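Peer 1: File name structure.csv; file contents CSV, C-alpha atoms and all ligand atoms; full text below.
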chain,number,residue,atom,x,y,z
A,19,MET,CA,88.8,81.2,110.2
A,20,THR,CA,88.8,84.1,107.7
A,21,LEU,CA,88.1,87.4,109.6
A,22,ILE,CA,86.8,89.5,106.8
A,23,ALA,CA,86.0,88.6,103.2
A,24,THR,CA,84.5,91.0,100.7
A,25,GLN,CA,83.4,90.5,97.2
A,26,SER,CA,83.1,93.4,94.7
A,27,LEU,CA,82.2,95.7,97.7
A,28,THR,CA,81.0,99.1,96.5
A,29,LYS,CA,79.7,102.1,98.5
A,30,THR,CA,78.4,105.3,96.9
A,31,TYR,CA,77.2,108.0,99.2
A,32,GLY,CA,74.1,110.1,98.4
A,33,ASN,CA,76.4,112.9,97.1
A,34,GLN,CA,77.5,110.5,94.4
A,35,VAL,CA,81.0,110.0,96.0
A,36,THR,CA,82.1,106.5,95.5
A,37,ALA,CA,84.0,105.6,98.7
A,38,LEU,CA,84.6,101.9,97.8
A,39,SER,CA,84.7,100.5,94.4
A,40,ASP,CA,84.6,96.8,93.4
A,41,LEU,CA,86.7,95.9,96.4
A,42,THR,CA,87.5,92.1,96.8
A,43,VAL,CA,89.7,91.3,99.7
A,44,THR,CA,90.3,88.6,102.4
A,45,VAL,CA,91.7,89.3,105.8
A,46,GLU,CA,93.1,86.4,107.8
A,47,PRO,CA,93.7,86.3,111.6
A,48,GLY,CA,96.6,88.4,113.1
A,49,ILE,CA,97.4,92.1,113.1
A,50,VAL,CA,96.4,93.5,109.8
A,51,GLY,CA,97.0,97.1,108.6
A,52,LEU,CA,94.4,98.8,106.4
A,53,VAL,CA,96.4,101.6,104.8
A,54,GLY,CA,95.5,104.4,102.4
A,55,ALA,CA,95.6,108.2,102.1
A,56,ASN,CA,92.9,110.3,103.8
A,57,GLY,CA,89.6,109.7,101.8
A,58,ALA,CA,90.8,106.3,100.5
A,59,GLY,CA,87.7,104.7,102.0
A,60,LYS,CA,89.1,103.1,105.3
A,61,SER,CA,86.4,104.4,107.6
A,62,THR,CA,83.7,103.5,105.2
A,63,PHE,CA,85.1,100.0,105.0
A,64,ILE,CA,85.0,99.6,108.8
A,65,LYS,CA,81.5,101.0,109.1
A,66,ILE,CA,80.2,98.5,106.5
A,67,MET,CA,82.0,95.7,108.4
A,68,LEU,CA,80.2,96.8,111.6
A,69,GLY,CA,76.8,96.9,109.9
A,70,LEU,CA,76.5,100.6,110.6
A,71,LEU,CA,76.4,101.4,106.8
A,72,GLY,CA,74.9,99.3,104.1
A,73,PRO,CA,76.9,98.6,100.9
A,74,SER,CA,75.6,99.9,97.5
A,75,GLY,CA,76.8,96.7,95.9
A,76,GLY,CA,78.8,93.5,96.5
A,77,GLN,CA,79.0,91.5,99.7
A,78,ALA,CA,80.9,91.5,103.0
A,79,ARG,CA,81.4,88.8,105.6
A,80,VAL,CA,82.8,89.4,109.1
A,81,LEU,CA,83.7,86.3,111.2
A,82,GLY,CA,81.5,84.4,108.7
A,83,LEU,CA,78.5,86.8,109.4
A,84,ASP,CA,76.8,89.1,107.0
A,85,PRO,CA,76.8,92.5,108.7
A,86,THR,CA,73.8,93.7,106.7
A,87,VAL,CA,71.6,91.1,108.4
A,88,ASP,CA,73.6,90.0,111.5
A,89,GLY,CA,74.8,93.5,112.5
A,90,HIS,CA,74.0,93.0,116.2
A,91,GLU,CA,75.9,89.7,116.4
A,92,VAL,CA,78.8,91.2,114.5
A,93,ARG,CA,79.0,94.0,117.1
A,94,THR,CA,78.9,91.6,120.0
A,95,ARG,CA,82.0,89.9,118.6
A,96,VAL,CA,83.8,92.9,117.2
A,97,GLY,CA,85.3,95.8,119.1
A,98,TYR,CA,85.4,99.2,117.4
A,99,MET,CA,87.6,102.2,118.2
A,100,PRO,CA,86.3,105.2,116.1
A,101,GLU,CA,88.6,107.8,114.7
A,102,HIS,CA,87.1,110.9,116.2
A,103,ASP,CA,86.7,111.9,119.8
A,104,CYS,CA,83.4,110.5,121.1
A,105,LEU,CA,84.0,110.5,124.8
A,106,PRO,CA,81.7,112.1,127.4
A,107,PRO,CA,83.9,114.6,129.3
A,108,ASP,CA,82.0,114.5,132.6
A,109,LEU,CA,82.1,110.7,133.1
A,110,SER,CA,85.1,108.8,134.6
A,111,ALA,CA,86.8,106.2,132.4
A,112,ALA,CA,85.5,103.5,134.8
A,113,GLU,CA,81.9,104.7,134.4
A,114,PHE,CA,82.1,105.0,130.6
A,115,VAL,CA,83.8,101.7,129.9
A,116,THR,CA,81.4,99.9,132.3
A,117,HIS,CA,78.5,101.5,130.5
A,118,MET,CA,79.9,100.3,127.1
A,119,GLY,CA,80.2,96.8,128.6
A,120,ARG,CA,76.6,97.0,129.7
A,121,MET,CA,75.6,98.1,126.1
A,122,SER,CA,77.4,95.0,124.8
A,123,GLY,CA,75.2,92.9,127.0
A,124,LEU,CA,77.4,92.2,130.0
A,125,PRO,CA,75.7,91.9,133.4
A,126,ARG,CA,76.4,94.9,135.7
A,127,THR,CA,79.0,93.3,137.9
A,128,THR,CA,80.8,91.6,135.0
A,129,ALA,CA,80.8,94.9,133.1
A,130,ARG,CA,82.4,96.7,136.1
A,131,GLU,CA,85.1,94.0,136.5
A,132,ARG,CA,85.9,93.9,132.8
A,133,ALA,CA,86.1,97.7,132.7
A,134,SER,CA,88.7,97.7,135.5
A,135,GLU,CA,90.6,94.9,133.8
A,136,THR,CA,90.7,96.5,130.4
A,137,LEU,CA,91.6,99.9,131.9
A,138,ARG,CA,94.5,98.2,133.6
A,139,HIS,CA,95.6,96.6,130.3
A,140,VAL,CA,95.7,100.0,128.6
A,141,GLY,CA,97.6,101.6,131.5
A,142,LEU,CA,94.8,103.7,133.0
A,143,TYR,CA,94.0,101.8,136.1
A,144,GLU,CA,95.3,104.4,138.5
A,145,GLU,CA,93.4,107.2,136.7
A,146,ARG,CA,90.2,105.4,136.1
A,147,TYR,CA,88.0,107.4,138.5
A,148,ARG,CA,89.1,110.8,137.0
A,149,GLN,CA,86.8,112.6,134.6
A,150,ILE,CA,87.7,111.9,131.0
A,151,GLY,CA,87.4,115.7,130.2
A,152,GLY,CA,90.7,116.2,132.1
A,153,TYR,CA,92.6,113.5,130.2
A,154,SER,CA,95.4,114.0,127.7
A,155,THR,CA,94.9,113.0,124.1
A,156,GLY,CA,96.9,109.8,124.7
A,157,MET,CA,94.7,108.9,127.7
A,158,LYS,CA,91.6,109.5,125.7
A,159,GLN,CA,92.8,107.3,122.9
A,160,ARG,CA,93.4,104.6,125.5
A,161,VAL,CA,89.9,104.9,126.9
A,162,LYS,CA,88.6,104.5,123.3
A,163,LEU,CA,90.7,101.3,123.1
A,164,ALA,CA,89.5,100.0,126.5
A,165,GLN,CA,85.8,100.5,125.5
A,166,ALA,CA,86.5,98.5,122.3
A,167,LEU,CA,88.0,95.7,124.4
A,168,VAL,CA,85.6,95.5,127.3
A,169,HIS,CA,83.3,92.8,125.9
A,170,ASP,CA,86.3,90.5,125.0
A,171,PRO,CA,85.8,90.6,121.2
A,172,ASP,CA,87.3,88.2,118.7
A,173,LEU,CA,88.3,91.1,116.4
A,174,LEU,CA,89.2,94.7,117.0
A,175,LEU,CA,88.6,97.4,114.3
A,176,LEU,CA,90.8,100.4,115.1
A,177,ASP,CA,90.4,103.6,113.1
A,178,GLU,CA,93.5,105.7,113.1
A,179,PRO,CA,94.4,104.8,116.7
A,180,THR,CA,97.5,107.0,116.8
A,181,ASN,CA,95.7,110.2,115.7
A,182,GLY,CA,96.8,113.3,117.5
A,183,LEU,CA,99.6,111.6,119.4
A,184,ASP,CA,103.2,112.7,119.7
A,185,PRO,CA,105.9,110.3,118.6
A,186,ALA,CA,106.3,108.8,122.1
A,187,GLY,CA,102.5,108.4,122.4
A,188,ARG,CA,102.3,106.8,119.0
A,189,ASP,CA,105.0,104.3,119.9
A,190,ALA,CA,103.2,103.5,123.2
A,191,MET,CA,99.9,103.0,121.4
A,192,LEU,CA,101.5,100.7,118.7
A,193,ALA,CA,103.2,98.6,121.4
A,194,LEU,CA,99.8,98.3,123.2
A,195,ILE,CA,98.1,97.2,120.0
A,196,GLU,CA,100.9,94.7,119.3
A,197,ARG,CA,100.5,93.3,122.8
A,198,ILE,CA,96.7,92.9,122.4
A,199,GLY,CA,97.4,91.0,119.2
A,200,THR,CA,100.1,88.7,120.5
A,201,GLU,CA,99.4,88.2,124.2
A,202,PHE,CA,95.6,88.3,124.2
A,203,GLY,CA,95.3,86.6,120.8
A,204,ILE,CA,92.7,89.1,119.5
A,205,SER,CA,92.9,89.8,115.8
A,206,VAL,CA,93.2,93.5,114.9
A,207,LEU,CA,92.5,95.5,111.8
A,208,VAL,CA,94.2,98.8,112.2
A,209,CYS,CA,93.5,101.6,109.8
A,210,SER,CA,96.1,104.2,109.2
A,211,HIS,CA,97.4,106.7,106.6
A,212,LEU,CA,100.9,106.1,108.1
A,213,LEU,CA,102.3,103.1,106.3
A,214,GLY,CA,105.7,103.3,108.0
A,215,GLU,CA,103.9,103.1,111.4
A,216,VAL,CA,101.6,100.2,110.9
A,217,GLU,CA,104.1,98.1,109.0
A,218,ARG,CA,106.1,97.9,112.3
A,219,ILE,CA,103.4,95.8,114.1
A,220,CYS,CA,101.4,94.1,111.3
A,221,ASP,CA,101.5,90.6,110.0
A,222,ALA,CA,99.7,91.6,106.8
A,223,LEU,CA,98.8,94.8,105.0
A,224,VAL,CA,95.8,95.8,102.8
A,225,ALA,CA,96.3,99.0,100.8
A,226,ILE,CA,93.5,100.8,99.3
A,227,GLU,CA,93.5,103.9,97.1
A,228,GLY,CA,90.4,105.8,95.9
A,229,GLY,CA,88.2,102.9,97.3
A,230,ARG,CA,90.0,100.3,95.2
A,231,LEU,CA,92.4,97.5,96.3
A,232,LEU,CA,96.0,98.5,95.6
A,233,ARG,CA,97.7,95.5,97.3
A,234,SER,CA,97.0,92.9,99.9
A,235,ALA,CA,99.8,90.6,101.2
A,236,GLN,CA,101.6,89.1,104.2
A,237,LEU,CA,104.4,91.5,105.3
A,238,SER,CA,106.9,88.7,105.0
A,239,ASP,CA,106.1,88.3,101.3
A,240,MET,CA,106.5,92.0,100.7
A,241,THR,CA,110.0,92.3,102.2
A,242,THR,CA,111.6,89.9,99.8
A,243,VAL,CA,115.4,90.1,99.4
A,244,THR,CA,116.8,92.1,96.5
A,245,GLU,CA,119.8,91.1,94.4
A,246,VAL,CA,122.0,93.6,96.0
A,247,LEU,CA,124.6,93.1,98.7
A,248,SER,CA,125.0,95.7,101.4
A,249,ILE,CA,128.5,96.0,102.9
A,250,GLU,CA,129.5,98.0,106.0
A,251,VAL,CA,133.0,98.3,107.4
A,252,SER,CA,133.8,100.3,110.5
A,253,GLU,CA,136.6,102.2,108.6
A,254,GLY,CA,138.2,102.3,105.2
A,255,THR,CA,134.9,102.6,103.2
A,256,GLU,CA,136.4,104.6,100.4
A,257,GLU,CA,139.5,102.3,100.2
A,258,LEU,CA,137.2,99.3,100.0
A,259,ALA,CA,135.0,100.9,97.3
A,260,ALA,CA,138.1,101.5,95.1
A,261,ARG,CA,139.4,98.0,95.6
A,262,LEU,CA,136.0,96.4,94.7
A,263,THR,CA,135.7,98.6,91.6
A,264,GLU,CA,139.2,97.4,90.6
A,265,ALA,CA,138.0,93.9,91.1
A,266,GLY,CA,135.3,94.6,88.4
A,267,LEU,CA,132.3,95.1,90.7
A,268,SER,CA,129.8,98.0,90.3
A,269,VAL,CA,129.9,99.8,93.6
A,270,ARG,CA,127.5,102.5,94.9
A,271,ALA,CA,127.9,104.3,98.3
A,272,GLU,CA,124.8,105.1,100.4
A,273,GLY,CA,125.8,106.8,103.7
A,274,GLN,CA,128.1,104.3,105.5
A,275,LEU,CA,127.1,101.5,103.2
A,276,LEU,CA,128.5,100.2,100.0
A,277,LEU,CA,126.0,98.5,97.7
A,278,VAL,CA,127.1,95.9,95.1
A,279,PRO,CA,124.8,94.0,92.7
A,280,LEU,CA,124.9,90.2,93.6
A,281,VAL,CA,126.0,88.6,90.3
A,282,ASP,CA,126.8,85.1,91.6
A,283,ASP,CA,128.6,83.4,94.5
A,284,THR,CA,131.9,84.8,93.4
A,285,THR,CA,130.6,88.3,94.4
A,286,TYR,CA,130.8,87.3,98.1
A,287,ASP,CA,134.3,85.9,97.5
A,288,LEU,CA,135.5,89.1,95.9
A,289,ILE,CA,134.2,91.2,98.7
A,290,LEU,CA,135.6,89.0,101.5
A,291,THR,CA,139.0,88.8,99.8
A,292,ALA,CA,139.1,92.6,99.4
A,293,VAL,CA,138.1,93.2,103.0
A,294,ALA,CA,140.8,90.6,104.2
A,295,GLU,CA,143.5,92.1,102.0
A,296,LEU,CA,142.8,95.6,103.3
A,297,ASP,CA,142.5,94.2,106.8
A,298,LEU,CA,139.3,96.1,107.4
A,299,PRO,CA,136.8,95.4,110.3
A,300,LEU,CA,133.7,94.0,108.5
A,301,HIS,CA,130.6,95.1,110.3
A,302,ARG,CA,128.0,93.7,108.0
A,303,LEU,CA,127.6,91.9,104.7
A,304,ASP,CA,124.1,90.8,103.7
A,305,GLN,CA,121.5,90.8,101.0
A,306,ARG,CA,119.3,93.9,101.0
A,307,ARG,CA,115.6,93.5,101.6
A,308,HIS,CA,112.9,95.6,99.9
A,309,ARG,CA,111.2,98.2,102.1
A,310,VAL,CA,107.4,97.9,102.2
A,311,ALA,CA,107.0,101.6,101.1
A,312,GLU,CA,108.9,100.9,97.9
A,313,LEU,CA,106.4,98.1,97.0
A,314,PHE,CA,103.4,100.4,97.5
A,315,ALA,CA,104.9,103.2,95.4
A,316,THR,CA,102.8,103.9,92.2
A,317,GLU,CA,105.9,105.1,90.4
A,318,PRO,CA,108.6,102.3,90.1
A,319,THR,CA,111.4,103.1,92.5
A,320,GLU,CA,115.0,101.8,92.5
A,321,PRO,CA,115.1,99.3,95.3
A,322,THR,CA,118.6,100.2,96.5
A,323,GLU,CA,117.9,104.0,96.7
A,324,PRO,CA,115.7,104.8,99.8
A,325,ALA,CA,117.1,106.1,103.0
A,326,GLU,CA,115.3,105.4,106.3
A,327,PRO,CA,112.7,108.2,106.9
A,328,ALA,CA,112.9,109.9,110.3
A,329,GLU,CA,109.1,109.9,110.6
A,330,PRO,CA,106.8,107.2,109.4
A,331,ALA,CA,105.8,107.5,105.8
A,332,ASP,CA,102.8,109.7,105.7
A,333,LEU,CA,100.1,108.9,103.2
A,334,ALA,CA,97.9,111.8,104.0
A,335,ASP,CA,98.5,113.7,100.8
A,336,ALA,CA,99.2,110.8,98.6
A,337,GLY,CA,95.9,111.1,96.8
A,338,THR,CA,96.6,114.6,95.8
A,339,THR,CA,100.2,114.1,94.7
A,340,THR,CA,101.2,110.9,92.9
A,341,GLY,CA,97.8,109.3,93.5
A,342,GLY,CA,99.6,106.4,95.2
A,343,LEU,CA,101.0,105.4,98.5
A,344,GLN,CA,104.2,106.9,99.7
B,1,LIG,N1,78.7,110.3,105.1
B,1,LIG,C1,79.3,110.6,103.9
B,1,LIG,N2,78.7,111.3,102.9
B,1,LIG,C2,79.2,111.6,101.8
B,1,LIG,N3,80.5,111.3,101.5
B,1,LIG,C3,81.3,110.7,102.5
B,1,LIG,C4,80.7,110.3,103.7
B,1,LIG,N4,81.7,109.7,104.5
B,1,LIG,C5,82.8,109.7,103.7
B,1,LIG,N5,82.5,110.3,102.5
B,1,LIG,C6,83.5,110.4,101.4
B,1,LIG,O1,83.9,109.1,101.0
B,1,LIG,C7,85.3,109.0,100.7
B,1,LIG,C8,86.0,108.0,101.6
B,1,LIG,O2,85.9,108.5,103.0
B,1,LIG,P1,86.4,107.7,104.2
B,1,LIG,O3,86.1,108.5,105.5
B,1,LIG,O4,85.9,106.3,104.2
B,1,LIG,O5,88.0,107.6,104.0
B,1,LIG,P2,89.2,107.3,105.0
B,1,LIG,O6,90.2,106.6,104.2
B,1,LIG,O7,88.7,106.8,106.2
B,1,LIG,O8,89.8,108.8,105.2
B,1,LIG,P3,89.9,109.6,106.6
B,1,LIG,O9,90.9,108.9,107.4
B,1,LIG,O10,90.2,111.0,106.2
B,1,LIG,O11,88.5,109.5,107.3
B,1,LIG,C9,85.8,110.5,100.9
B,1,LIG,O12,85.8,111.1,99.6
B,1,LIG,C10,84.8,111.1,101.8
B,1,LIG,O13,84.7,112.5,101.6
Could you express the structure from this file as structure tokens?
Ligand SMILES: Nc1ncnc2c1ncn2[C@@H]1O[C@H](COP(=O)(O)OP(=O)(O)OP(=O)(O)O)[C@@H](O)[C@H]1O
Peer 2:
Amino acid sequence: MTLIATQSLTKTYGNQVTALSDLTVTVEPGIVGLVGANGAGKSTFIKIMLGLLGPSGGQARVLGLDPTVDGHEVRTRVGYMPEHDCLPPDLSAAEFVTHMGRMSGLPRTTARERASETLRHVGLYEERYRQIGGYSTGMKQRVKLAQALVHDPDLLLLDEPTNGLDPAGRDAMLALIERIGTEFGISVLVCSHLLGEVERICDALVAIEGGRLLRSAQLSDMTTVTEVLSIEVSEGTEELAARLTEAGLSVRAEGQLLLVPLVDDTTYDLILTAVAELDLPLHRLDQRRHRVAELFATEPTEPTEPAEPAEPADLADAGTTTGGLQ
């Protein structure tokens, strides 16, 4: 079943800011990233899906329901992890998550059991009776995730779940979200301005910019192969580059790699012959794949250029620079 479907969805706030504009998109089951720079409209999108905000125009369906009229039912079937801190510091995680379970309609004993279970899933079982005020940022993010899971939803909406976390904390949170999606079979829509981060765990990506749809596709469709061969030898890289140039190939070095346009099947033969003649240890010979970030770039980029960023691609300032995703 389609998780989310919108048709010409538009939201204009009272201050005349148009946060969503004519947005038509379909989200299928799985782990889906909703990516866009800060202010792109991600939180507004989530709040409309939950029935917390009404759209100014267009339609939305969540799990087949209309959130403007079936908001309560939507919220019983959907878990929501908000972006900002919203936790009571003087309650324990067990008390808070139990309370949220009760708010979702679970009986007292079931709510208590489910709270323990979800706090165990997010790695907070041992700490569950401590006051939340004394928790680290990473632990607080996990409590927010646990309260979204307590009523066993069909769909989780996570708004910037790695906010405020250090790289290790981000990795742990992403691994947890991936486990929820794969082991528990719960579909997840994860909002982020960090494309490089969410692309690691998502089956599909929806990118928005200035409230408009930029692109929506399965990740596998985005990482299509390019017509460029990537060659890596453990030694003799320069020697090989010279030999391939002599053989009539156009060679470009990128770090330890040599990149050669794939003309036809003879390109492989020429490379393998040169490697054999020079008696070099061939480490890798394969067809390059596009990186997802290249396909989101507003400005066309050369697919063979990019180097791997040390940190995930940060879209936070994209709106104020190129106007596109980075
Ligand atoms: N309650 C509101 N009243 C007026 N304008 C708002 C309101 N909420 C959001 N906006 C504006 O709508 C636009 C989209 O905001 P939104 O929070 O949905 O974006 P976002 O992609 O979630 O960004 P962020 O991650 O920074 O929250 C922004 O220009 C924002 O300033």
Peer 1: Please report, as a Markdown table, each residue of chain A lying at most 10 Å from ligand LIG 1 (chain B), together with the nearest pair of atoms and the separation in Å rounded to one decimal; use all atoms listed in the file, and order rows by chain and ascending residue number.
Peer 2:
| residue | atom | partner | partner_atom | distance |
| --- | --- | --- | --- | --- |
| A:Lys29 | CA | B:LIG1 | O1 | 8.5 |
| A:Thr30 | CA | B:LIG1 | O1 | 7.8 |
| A:Tyr31 | CA | B:LIG1 | C2 | 4.9 |
| A:Gly32 | CA | B:LIG1 | C2 | 6.3 |
| A:Asn33 | CA | B:LIG1 | C2 | 5.6 |
| A:Gln34 | CA | B:LIG1 | C2 | 7.7 |
| A:Val35 | CA | B:LIG1 | N3 | 5.7 |
| A:Thr36 | CA | B:LIG1 | O1 | 6.3 |
| A:Ala37 | CA | B:LIG1 | C7 | 4.2 |
| A:Leu38 | CA | B:LIG1 | C8 | 7.3 |
| A:Leu52 | CA | B:LIG1 | O6 | 9.1 |
| A:Val53 | CA | B:LIG1 | O6 | 8.0 |
| A:Gly54 | CA | B:LIG1 | O6 | 6.0 |
| A:Ala55 | CA | B:LIG1 | O6 | 6.0 |
| A:Asn56 | CA | B:LIG1 | O10 | 3.7 |
| A:Gly57 | CA | B:LIG1 | O5 | 3.4 |
| A:Ala58 | CA | B:LIG1 | O6 | 3.8 |
| A:Gly59 | CA | B:LIG1 | O4 | 3.3 |
| A:Lys60 | CA | B:LIG1 | O7 | 3.8 |
| A:Ser61 | CA | B:LIG1 | O7 | 3.6 |
| A:Thr62 | CA | B:LIG1 | O4 | 3.7 |
| A:Phe63 | CA | B:LIG1 | O4 | 6.4 |
| A:Ile64 | CA | B:LIG1 | O4 | 8.2 |
| A:Lys65 | CA | B:LIG1 | O4 | 8.5 |
| A:Ile66 | CA | B:LIG1 | O4 | 9.9 |
| A:Leu71 | CA | B:LIG1 | N1 | 9.3 |
| A:Glu101 | CA | B:LIG1 | O11 | 7.6 |
| A:His102 | CA | B:LIG1 | O11 | 9.1 |
| A:Asp177 | CA | B:LIG1 | O7 | 7.8 |
| A:Glu178 | CA | B:LIG1 | O9 | 7.0 |
| A:Asn181 | CA | B:LIG1 | O9 | 9.7 |
| A:Cys209 | CA | B:LIG1 | O7 | 7.9 |
| A:Ser210 | CA | B:LIG1 | O9 | 7.2 |
| A:His211 | CA | B:LIG1 | O9 | 6.9 |
| A:Ile226 | CA | B:LIG1 | O6 | 8.3 |
| A:Glu227 | CA | B:LIG1 | O6 | 8.3 |
| A:Gly228 | CA | B:LIG1 | C8 | 7.5 |
| A:Gly229 | CA | B:LIG1 | C8 | 7.0 |
| A:Ala334 | CA | B:LIG1 | O10 | 8.0 |
Peer 1: Which is closest to A:Glu131 among A:Tyr98, A:Tyr143, A:Phe202, A:Tyr286, if we use all atoms listed in the file?
Peer 2: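 Comparing A:Tyr98, A:Tyr143, A:Phe202, A:Tyr286 against A:Glu131, the winner is A:Tyr143.
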Peer 1: Under the rule that only C-alpha atoms are counted, which of A:Cys104, A:Leu300, A:Leu173, A:Val224 is the nearest residue to A:Thr20?
Peer 2: A:Leu173
Peer 1: For A:Met121, find every residue with an atom within 12 Å (counting only C-alpha atoms), except residues of its own chain fewer than 4 positions away, and show them as a list in words.
Peer 2: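 The residues that qualify are His90, Arg93, Thr94, Phe114, Val115, Thr116, His117, Pro125, Arg126, Ala129, Gln165, Ala166, Val168 and His169 of chain A.
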Peer 1: Would you mind reading off the distance between atom CA of A:Val161 and atom CA of A:Asp103, one decimal, in Å?
Peer 2: 10.5 Å
Peer 1: May I ask for the distance between atom CA of A:Arg233 and atom CA of A:Gly182, given in Å to one decimal place?
Peer 2: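 About the pair atom CA of A:Arg233 and atom CA of A:Gly182: they are 26.9 Å apart.
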Peer 1: Go ahead and compute the interatomic distance for atom CA of A:Gly75 and atom CA of A:Ser26, in Å to one decimal.
Peer 2: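 Separation between atom CA of A:Gly75 and atom CA of A:Ser26: 7.2 Å.
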